[in-house]
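To be precise, the following lines are query25.pdb, and they hold PDB, C-alpha atoms, pLDDT in the B column.
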```pdb
ATOM      1  CA  MET A   1       5.334 -44.660 -18.603  1.00 72.00           C
ATOM      2  CA  ARG A   2       6.158 -44.015 -14.941  1.00 72.00           C
ATOM      3  CA  LEU A   3       8.501 -41.229 -16.004  1.00 75.00           C
ATOM      4  CA  LEU A   4       5.743 -39.592 -18.076  1.00 71.00           C
ATOM      5  CA  ILE A   5       3.261 -39.797 -15.169  1.00 73.00           C
ATOM      6  CA  GLY A   6       5.887 -38.324 -12.817  1.00 68.00           C
ATOM      7  CA  PHE A   7       6.591 -35.510 -15.284  1.00 69.00           C
ATOM      8  CA  ILE A   8       2.862 -34.733 -15.623  1.00 70.00           C
ATOM      9  CA  ILE A   9       2.488 -34.638 -11.831  1.00 68.00           C
ATOM     10  CA  VAL A  10       5.456 -32.262 -11.458  1.00 65.00           C
ATOM     11  CA  VAL A  11       4.119 -29.976 -14.215  1.00 62.00           C
ATOM     12  CA  ALA A  12       0.644 -30.014 -12.621  1.00 54.00           C
ATOM     13  CA  VAL A  13       2.073 -29.088  -9.204  1.00 59.00           C
ATOM     14  CA  VAL A  14       4.202 -26.274 -10.648  1.00 60.00           C
ATOM     15  CA  LEU A  15       1.268 -24.904 -12.667  1.00 52.00           C
ATOM     16  CA  GLY A  16      -1.028 -25.300  -9.661  1.00 55.00           C
ATOM     17  CA  VAL A  17       1.300 -23.107  -7.618  1.00 57.00           C
ATOM     18  CA  LEU A  18       2.300 -20.579 -10.288  1.00 54.00           C
ATOM     19  CA  VAL A  19      -0.983 -20.005 -12.127  1.00 66.00           C
ATOM     20  CA  PRO A  20      -3.066 -18.828  -9.156  1.00 72.00           C
ATOM     21  CA  GLU A  21      -0.131 -16.686  -8.018  1.00 79.00           C
ATOM     22  CA  ALA A  22       0.228 -15.128 -11.497  1.00 81.00           C
ATOM     23  CA  PHE A  23      -3.271 -13.613 -11.706  1.00 85.00           C
ATOM     24  CA  PHE A  24      -5.174 -11.094  -9.627  1.00 89.00           C
ATOM     25  CA  VAL A  25      -8.567  -9.447  -9.876  1.00 90.00           C
ATOM     26  CA  VAL A  26      -9.422  -5.774  -9.475  1.00 92.00           C
ATOM     27  CA  ASP A  27     -13.090  -5.134  -8.728  1.00 91.00           C
ATOM     28  CA  GLU A  28     -15.016  -1.955  -9.558  1.00 92.00           C
ATOM     29  CA  THR A  29     -14.562  -0.388  -6.089  1.00 92.00           C
ATOM     30  CA  ASN A  30     -10.775  -0.810  -5.996  1.00 92.00           C
ATOM     31  CA  GLN A  31      -7.665   0.193  -7.827  1.00 92.00           C
ATOM     32  CA  ALA A  32      -4.473  -1.789  -7.590  1.00 91.00           C
ATOM     33  CA  ILE A  33      -0.766  -1.054  -7.611  1.00 90.00           C
ATOM     34  CA  VAL A  34       1.706  -3.755  -8.595  1.00 91.00           C
ATOM     35  CA  THR A  35       4.985  -3.364  -6.746  1.00 89.00           C
ATOM     36  CA  ARG A  36       8.239  -5.142  -7.390  1.00 88.00           C
ATOM     37  CA  PHE A  37      10.711  -5.039  -4.507  1.00 84.00           C
ATOM     38  CA  ASN A  38       8.609  -2.234  -2.915  1.00 80.00           C
ATOM     39  CA  GLU A  39       8.822  -0.044  -6.041  1.00 82.00           C
ATOM     40  CA  ALA A  40       5.536   0.813  -7.759  1.00 80.00           C
ATOM     41  CA  GLN A  41       5.537  -0.645 -11.273  1.00 82.00           C
ATOM     42  CA  ARG A  42       2.037   0.030 -12.615  1.00 85.00           C
ATOM     43  CA  ASP A  43      -1.437   0.837 -11.461  1.00 84.00           C
ATOM     44  CA  MET A  44      -4.766  -0.546 -12.597  1.00 86.00           C
ATOM     45  CA  SER A  45      -7.931   1.434 -12.020  1.00 86.00           C
ATOM     46  CA  GLU A  46     -10.189  -0.492 -14.389  1.00 89.00           C
ATOM     47  CA  PRO A  47     -11.875  -3.658 -13.114  1.00 90.00           C
ATOM     48  CA  GLY A  48     -10.669  -6.928 -14.573  1.00 89.00           C
ATOM     49  CA  LEU A  49      -8.281  -9.864 -14.434  1.00 88.00           C
ATOM     50  CA  TYR A  50      -4.587  -8.953 -14.545  1.00 89.00           C
ATOM     51  CA  LEU A  51      -1.267 -10.776 -14.764  1.00 86.00           C
ATOM     52  CA  LYS A  52       1.762 -10.364 -12.494  1.00 87.00           C
ATOM     53  CA  THR A  53       5.076 -12.118 -11.968  1.00 84.00           C
ATOM     54  CA  PRO A  54       4.580 -14.820  -9.317  1.00 82.00           C
ATOM     55  CA  PHE A  55       6.522 -14.448  -6.035  1.00 82.00           C
ATOM     56  CA  ILE A  56       8.206 -11.228  -7.230  1.00 88.00           C
ATOM     57  CA  ASP A  57       5.332  -8.797  -7.719  1.00 88.00           C
ATOM     58  CA  ARG A  58       3.012  -7.794  -4.895  1.00 90.00           C
ATOM     59  CA  VAL A  59      -0.438  -6.267  -5.361  1.00 91.00           C
ATOM     60  CA  ILE A  60      -1.702  -3.468  -3.126  1.00 90.00           C
ATOM     61  CA  TYR A  61      -5.394  -2.654  -3.328  1.00 92.00           C
ATOM     62  CA  LEU A  62      -6.691   0.871  -2.688  1.00 91.00           C
ATOM     63  CA  ASP A  63     -10.278   2.038  -2.473  1.00 91.00           C
ATOM     64  CA  LYS A  64     -11.254   4.284  -5.370  1.00 87.00           C
ATOM     65  CA  ARG A  65     -14.520   5.385  -3.790  1.00 90.00           C
ATOM     66  CA  LEU A  66     -14.944   8.563  -1.782  1.00 91.00           C
ATOM     67  CA  LEU A  67     -13.087   8.214   1.537  1.00 91.00           C
ATOM     68  CA  VAL A  68     -14.035   9.965   4.771  1.00 92.00           C
ATOM     69  CA  PHE A  69     -11.252  11.479   6.858  1.00 91.00           C
ATOM     70  CA  ASP A  70     -12.970  11.999  10.210  1.00 90.00           C
ATOM     71  CA  ALA A  71     -10.934  14.015  12.713  1.00 88.00           C
ATOM     72  CA  PRO A  72     -11.743  13.645  16.419  1.00 89.00           C
ATOM     73  CA  PRO A  73     -13.392  16.640  18.143  1.00 87.00           C
ATOM     74  CA  ASP A  74     -10.770  19.118  19.275  1.00 84.00           C
ATOM     75  CA  SER A  75     -10.766  22.061  21.674  1.00 84.00           C
ATOM     76  CA  LEU A  76      -9.502  25.044  19.672  1.00 84.00           C
ATOM     77  CA  LEU A  77      -8.615  28.590  20.635  1.00 81.00           C
ATOM     78  CA  THR A  78     -10.325  31.401  18.692  1.00 83.00           C
ATOM     79  CA  LYS A  79      -8.964  34.860  17.850  1.00 82.00           C
ATOM     80  CA  ASP A  80     -10.558  36.324  21.000  1.00 85.00           C
ATOM     81  CA  LYS A  81      -8.857  33.622  23.144  1.00 84.00           C
ATOM     82  CA  LYS A  82     -12.026  31.640  23.810  1.00 83.00           C
ATOM     83  CA  ARG A  83     -12.323  27.900  23.364  1.00 85.00           C
ATOM     84  CA  LEU A  84     -14.627  25.992  21.037  1.00 85.00           C
ATOM     85  CA  ILE A  85     -14.910  22.250  20.570  1.00 86.00           C
ATOM     86  CA  ILE A  86     -15.048  21.609  16.845  1.00 86.00           C
ATOM     87  CA  ASP A  87     -15.662  18.317  15.070  1.00 88.00           C
ATOM     88  CA  VAL A  88     -14.651  18.270  11.407  1.00 90.00           C
ATOM     89  CA  TYR A  89     -14.378  15.734   8.585  1.00 91.00           C
ATOM     90  CA  ALA A  90     -13.185  15.748   4.993  1.00 92.00           C
ATOM     91  CA  ARG A  91     -14.087  13.637   1.985  1.00 94.00           C
ATOM     92  CA  GLY A  92     -11.754  12.826  -0.848  1.00 93.00           C
ATOM     93  CA  LYS A  93     -10.434  10.079  -3.081  1.00 93.00           C
ATOM     94  CA  ILE A  94      -7.120   8.645  -4.111  1.00 92.00           C
ATOM     95  CA  VAL A  95      -6.502   9.921  -7.642  1.00 92.00           C
ATOM     96  CA  ASP A  96      -2.809   9.110  -8.009  1.00 91.00           C
ATOM     97  CA  PRO A  97      -2.249   5.643  -6.535  1.00 90.00           C
ATOM     98  CA  GLN A  98       1.477   5.494  -7.313  1.00 89.00           C
ATOM     99  CA  LYS A  99       2.162   8.813  -5.575  1.00 90.00           C
ATOM    100  CA  PHE A 100      -0.055   7.705  -2.680  1.00 91.00           C
ATOM    101  CA  ILE A 101       1.896   4.454  -2.188  1.00 88.00           C
ATOM    102  CA  GLU A 102       5.273   6.205  -2.516  1.00 87.00           C
ATOM    103  CA  GLU A 103       4.370   8.918   0.013  1.00 88.00           C
ATOM    104  CA  VAL A 104       2.315   7.127   2.686  1.00 88.00           C
ATOM    105  CA  ALA A 105       2.570   3.380   1.850  1.00 81.00           C
ATOM    106  CA  THR A 106      -0.833   2.263   3.207  1.00 85.00           C
ATOM    107  CA  GLU A 107      -4.401   3.488   3.145  1.00 88.00           C
ATOM    108  CA  THR A 108      -4.496   3.631   6.951  1.00 90.00           C
ATOM    109  CA  ARG A 109      -1.402   5.852   7.118  1.00 92.00           C
ATOM    110  CA  GLY A 110      -2.784   8.001   4.314  1.00 90.00           C
ATOM    111  CA  LYS A 111      -6.040   8.560   6.191  1.00 91.00           C
ATOM    112  CA  GLN A 112      -4.153   9.392   9.370  1.00 93.00           C
ATOM    113  CA  ARG A 113      -1.946  11.873   7.520  1.00 92.00           C
ATOM    114  CA  ALA A 114      -5.003  13.508   5.916  1.00 91.00           C
ATOM    115  CA  ILE A 115      -6.681  13.856   9.321  1.00 91.00           C
ATOM    116  CA  GLU A 116      -3.540  15.482  10.746  1.00 92.00           C
ATOM    117  CA  ILE A 117      -3.444  18.006   7.894  1.00 92.00           C
ATOM    118  CA  VAL A 118      -7.161  18.837   8.191  1.00 91.00           C
ATOM    119  CA  SER A 119      -6.873  19.277  11.972  1.00 90.00           C
ATOM    120  CA  SER A 120      -3.805  21.500  11.636  1.00 90.00           C
ATOM    121  CA  GLU A 121      -5.433  23.729   9.035  1.00 91.00           C
ATOM    122  CA  LEU A 122      -8.640  23.887  11.100  1.00 89.00           C
ATOM    123  CA  ARG A 123      -6.657  25.072  14.120  1.00 88.00           C
ATOM    124  CA  ARG A 124      -5.055  27.806  12.003  1.00 89.00           C
ATOM    125  CA  GLU A 125      -8.370  28.867  10.445  1.00 87.00           C
ATOM    126  CA  ILE A 126     -10.264  28.979  13.755  1.00 85.00           C
ATOM    127  CA  GLY A 127      -7.541  31.188  15.208  1.00 84.00           C
ATOM    128  CA  LEU A 128      -8.393  33.867  12.639  1.00 84.00           C
ATOM    129  CA  ASP A 129     -12.016  34.410  13.784  1.00 81.00           C
ATOM    130  CA  ASN A 130     -13.780  35.386  16.992  1.00 79.00           C
ATOM    131  CA  GLN A 131     -15.939  32.812  18.781  1.00 78.00           C
ATOM    132  CA  SER A 132     -19.206  34.612  18.018  1.00 76.00           C
ATOM    133  CA  GLU A 133     -18.323  34.889  14.305  1.00 77.00           C
ATOM    134  CA  ILE A 134     -17.634  31.169  14.067  1.00 76.00           C
ATOM    135  CA  ILE A 135     -20.923  30.215  15.680  1.00 74.00           C
ATOM    136  CA  GLU A 136     -23.109  32.802  13.966  1.00 72.00           C
ATOM    137  CA  ALA A 137     -21.817  33.847  10.582  1.00 67.00           C
ATOM    138  CA  SER A 138     -18.543  32.593   9.176  1.00 73.00           C
ATOM    139  CA  ARG A 139     -18.939  28.823   9.388  1.00 77.00           C
ATOM    140  CA  GLU A 140     -19.500  28.351   5.649  1.00 83.00           C
ATOM    141  CA  GLN A 141     -16.548  30.566   4.778  1.00 84.00           C
ATOM    142  CA  ILE A 142     -14.349  28.665   7.234  1.00 84.00           C
ATOM    143  CA  MET A 143     -15.207  25.389   5.473  1.00 86.00           C
ATOM    144  CA  ILE A 144     -14.413  26.902   2.063  1.00 88.00           C
ATOM    145  CA  ASN A 145     -11.091  28.330   3.303  1.00 89.00           C
ATOM    146  CA  LEU A 146     -10.254  25.045   4.995  1.00 89.00           C
ATOM    147  CA  ARG A 147     -10.953  23.032   1.834  1.00 91.00           C
ATOM    148  CA  GLU A 148      -8.775  25.341  -0.263  1.00 93.00           C
ATOM    149  CA  ALA A 149      -5.938  25.241   2.303  1.00 92.00           C
ATOM    150  CA  VAL A 150      -6.019  21.437   2.560  1.00 93.00           C
ATOM    151  CA  ARG A 151      -6.352  20.710  -1.178  1.00 94.00           C
ATOM    152  CA  PRO A 152      -2.697  21.320  -2.263  1.00 95.00           C
ATOM    153  CA  LYS A 153      -1.264  19.600   0.807  1.00 93.00           C
ATOM    154  CA  LEU A 154      -3.269  16.424   0.225  1.00 93.00           C
ATOM    155  CA  ALA A 155      -2.529  16.543  -3.510  1.00 93.00           C
ATOM    156  CA  GLU A 156       1.108  15.856  -2.556  1.00 93.00           C
ATOM    157  CA  PHE A 157      -0.097  12.431  -1.358  1.00 91.00           C
ATOM    158  CA  GLY A 158      -2.210  11.709  -4.444  1.00 92.00           C
ATOM    159  CA  ILE A 159      -5.493  12.567  -2.676  1.00 93.00           C
ATOM    160  CA  GLU A 160      -8.062  14.879  -4.237  1.00 94.00           C
ATOM    161  CA  ILE A 161     -10.170  16.529  -1.551  1.00 93.00           C
ATOM    162  CA  GLN A 162     -13.846  16.967  -2.436  1.00 92.00           C
ATOM    163  CA  ASP A 163     -15.283  18.580   0.659  1.00 90.00           C
ATOM    164  CA  VAL A 164     -14.498  19.644   4.216  1.00 90.00           C
ATOM    165  CA  ARG A 165     -17.358  20.003   6.698  1.00 88.00           C
ATOM    166  CA  ILE A 166     -17.721  21.080  10.291  1.00 86.00           C
ATOM    167  CA  LYS A 167     -20.046  18.574  11.938  1.00 85.00           C
ATOM    168  CA  ARG A 168     -20.484  20.645  15.049  1.00 81.00           C
ATOM    169  CA  SER A 169     -18.989  23.478  17.021  1.00 77.00           C
ATOM    170  CA  ASP A 170     -19.808  23.552  20.718  1.00 76.00           C
ATOM    171  CA  PHE A 171     -18.847  25.464  23.789  1.00 75.00           C
ATOM    172  CA  PRO A 172     -16.606  23.637  26.265  1.00 73.00           C
ATOM    173  CA  ILE A 173     -18.375  21.613  28.994  1.00 73.00           C
ATOM    174  CA  GLU A 174     -17.540  24.143  31.710  1.00 68.00           C
ATOM    175  CA  ILE A 175     -19.644  26.780  29.893  1.00 63.00           C
TER     176      ILE A 175
END
```
Give the structure from this file in structure tokens form.
Amino acid sequence: MRLLIGFIIVVAVVLGVLVPEAFFVVDETNQAIVTRFNEAQRDMSEPGLYLKTPFIDRVIYLDKRLLVFDAPPDSLLTKDKKRLIIDVYARGKIVDPQKFIEEVATETRGKQRAIEIVSSELRREIGLDNQSEIIEASREQIMINLREAVRPKLAEFGIEIQDVRIKRSDFPIEI
């Protein structure tokens, strides 16, 4: 009898540890990647209760909503060698979670990488136009060109860019 009670206690402890560790939940705003020894095994984008191997598999959650990649305002040189302070942001979502995890590992690093790419392409695009053109006429075209230039570069990280917008373009403080 004591042996049976001891066996039941051991089984209960083992199940108490393994069962909660064997399941995970993906809600409707997230997608999850199950990794085994830091190698992506499978991804789940549908909400629900899923099973994983306890202590071996790790679950990484990624947001599947629209993400904002907000670059800090930057002083950029135009074609006519004048400076403008431009504040830009991009919106996109993670469409290939396995590629995203393999390339950048975390959502924070992915956002930082996206911001770097948007800022670099903005610098290149602003250098093609004169200051007066940027302020008066070509702002919409710059955003379109910027979106198209950024799209294939972010696709390499599993991010689909939806939109790139210039929040503001100002003259430097000294002006």
Quick one: everything within 10 Å of stretch 98-101 of chain A, counting only C-alpha atoms, minus sequence neighbours fewer than 2 positions away in the same chain. Send it as a ChimeraX atom specification.
/A:32-35,38-43,60,62,94-96,103-107,109-110,154-159
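Take the candidates A:Ile56, A:Leu66, A:Ile5, A:Val164 and check each one against A:Ile117 using all atoms listed in the file; the shortest distance goes to A:Val164.
Comparing A:Gln131, A:Ser119, A:Asn30, A:Thr78 by their smallest distance to A:Arg165, the closest is A:Ser119 (using all atoms listed in the file).
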So the first atom is atom CA of A:Phe55 and the second is atom CA of A:Lys111; what is the distance between them in Å, to one decimal place?
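That distance, rounded to one decimal, is 28.9 Å.
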If you count only C-alpha atoms, which residues fall within 9 Å of A:Gln31, apart from same-chain ones fewer than 5 positions away, as a ChimeraX atom specification?
/A:26,43-47,60-64,97
With the PyMOL selection byres ((chain A and resi 67) around 6) as the selection, what would be picked from this file? Answer as a compact mmCIF listing (two decimals) with C-alpha atoms, in the frame of the given file, please.
```txt
# COMPACT_ATOMS: atom_id res chain seq x y z
CA LEU A 66 -14.94 8.56 -1.78
CA VAL A 68 -14.04 9.96 4.77
CA ARG A 91 -14.09 13.64 1.98
CA GLY A 92 -11.75 12.83 -0.85
CA LYS A 93 -10.43 10.08 -3.08
```
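Picture a line from atom CA of A:Arg168 to atom CA of A:Lys153; it runs 23.9 Å.
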Ref. answer, residues at most 10 Å from (-16.6, 19.2, 16.9) with all atoms listed in the file, as a PyMOL selection string
chain A and resi 71-76+84-89+166-171
Using only C-alpha atoms, which residue out of A:Met143, A:Glu148, A:Leu77, A:Ser138 lies closest to A:Arg123?
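Of A:Met143, A:Glu148, A:Leu77, A:Ser138, the one nearest A:Arg123, counting only C-alpha atoms, is A:Leu77.
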Work out how far atom CA of A:Val25 is from atom CA of A:Phe37, in Å to one decimal.
20.5 Å
When distances are computed from all atoms listed in the file, which of A:Ile173, A:Ala90, A:Leu128, A:Ile135 shows the smallest separation from A:Val150?
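Checking each of A:Ile173, A:Ala90, A:Leu128, A:Ile135 against A:Val150, counting all atoms listed in the file, the winner is A:Ala90.
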Can you give me, as a list in words, the residues this file yields under the PyMOL selection byres ((chain A and resi 51) around 12)?
Leu18, Val19, Pro20, Glu21, Ala22, Phe23, Phe24, Val25, Val26, Ala32, Val34, Arg42, Met44, Gly48, Leu49, Tyr50, Lys52, Thr53, Pro54, Asp57, Arg58 and Val59 of chain A
Check the smallest atom-to-atom distance from each of A:Asp27, A:Asp129, A:Asp163, A:Asp70 to A:Gln112 using all atoms listed in the file, then report the winner.
A:Asp70
Shortest interatomic distance to A:Lys82 - which of A:Ala149, A:Ile134, A:Leu3, A:Leu122, counting all atoms listed in the file
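Result for the nearest residue to A:Lys82: A:Ile134.
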Filled-in N, CA, C and O atoms of stretch 100-115 of chain A, supplied as a tab-separated table (two decimals), keeping the file's coordinate frame:
```
chain	number	residue	atom	x	y	z
A	100	PHE	N	0.48	8.03	-4.00
A	100	PHE	CA	-0.06	7.70	-2.68
A	100	PHE	C	0.80	6.62	-2.01
A	100	PHE	O	1.19	6.76	-0.86
A	101	ILE	N	1.10	5.56	-2.73
A	101	ILE	CA	1.90	4.45	-2.19
A	101	ILE	C	3.32	4.91	-1.88
A	101	ILE	O	3.89	4.56	-0.85
A	102	GLU	N	3.91	5.72	-2.74
A	102	GLU	CA	5.27	6.20	-2.52
A	102	GLU	C	5.35	7.11	-1.29
A	102	GLU	O	6.33	7.06	-0.55
A	103	GLU	N	4.32	7.93	-1.06
A	103	GLU	CA	4.37	8.92	0.01
A	103	GLU	C	3.94	8.36	1.37
A	103	GLU	O	4.53	8.68	2.39
A	104	VAL	N	2.86	7.56	1.39
A	104	VAL	CA	2.32	7.13	2.69
A	104	VAL	C	2.25	5.61	2.86
A	104	VAL	O	1.96	5.14	3.95
A	105	ALA	N	2.45	4.85	1.82
A	105	ALA	CA	2.57	3.38	1.85
A	105	ALA	C	1.26	2.62	2.04
A	105	ALA	O	1.02	1.66	1.34
A	106	THR	N	0.41	3.01	2.99
A	106	THR	CA	-0.83	2.26	3.21
A	106	THR	C	-2.02	3.22	3.30
A	106	THR	O	-1.86	4.41	3.59
A	107	GLU	N	-3.18	2.68	3.07
A	107	GLU	CA	-4.40	3.49	3.14
A	107	GLU	C	-4.63	4.02	4.56
A	107	GLU	O	-5.06	5.16	4.75
A	108	THR	N	-4.32	3.21	5.56
A	108	THR	CA	-4.50	3.63	6.95
A	108	THR	C	-3.59	4.81	7.27
A	108	THR	O	-4.03	5.80	7.87
A	109	ARG	N	-2.33	4.74	6.87
A	109	ARG	CA	-1.40	5.85	7.12
A	109	ARG	C	-1.79	7.08	6.32
A	109	ARG	O	-1.63	8.22	6.78
A	110	GLY	N	-2.32	6.88	5.13
A	110	GLY	CA	-2.78	8.00	4.31
A	110	GLY	C	-3.96	8.72	4.95
A	110	GLY	O	-4.01	9.96	4.98
A	111	LYS	N	-4.90	7.95	5.50
A	111	LYS	CA	-6.04	8.56	6.19
A	111	LYS	C	-5.57	9.32	7.42
A	111	LYS	O	-6.03	10.44	7.68
A	112	GLN	N	-4.66	8.73	8.18
A	112	GLN	CA	-4.15	9.39	9.37
A	112	GLN	C	-3.45	10.70	9.02
A	112	GLN	O	-3.62	11.72	9.67
A	113	ARG	N	-2.66	10.67	7.97
A	113	ARG	CA	-1.95	11.87	7.52
A	113	ARG	C	-2.93	12.95	7.07
A	113	ARG	O	-2.75	14.14	7.37
A	114	ALA	N	-3.98	12.55	6.36
A	114	ALA	CA	-5.00	13.51	5.92
A	114	ALA	C	-5.71	14.14	7.11
A	114	ALA	O	-5.96	15.35	7.12
A	115	ILE	N	-6.03	13.34	8.11
A	115	ILE	CA	-6.68	13.86	9.32
A	115	ILE	C	-5.77	14.86	10.03
A	115	ILE	O	-6.23	15.91	10.49
```
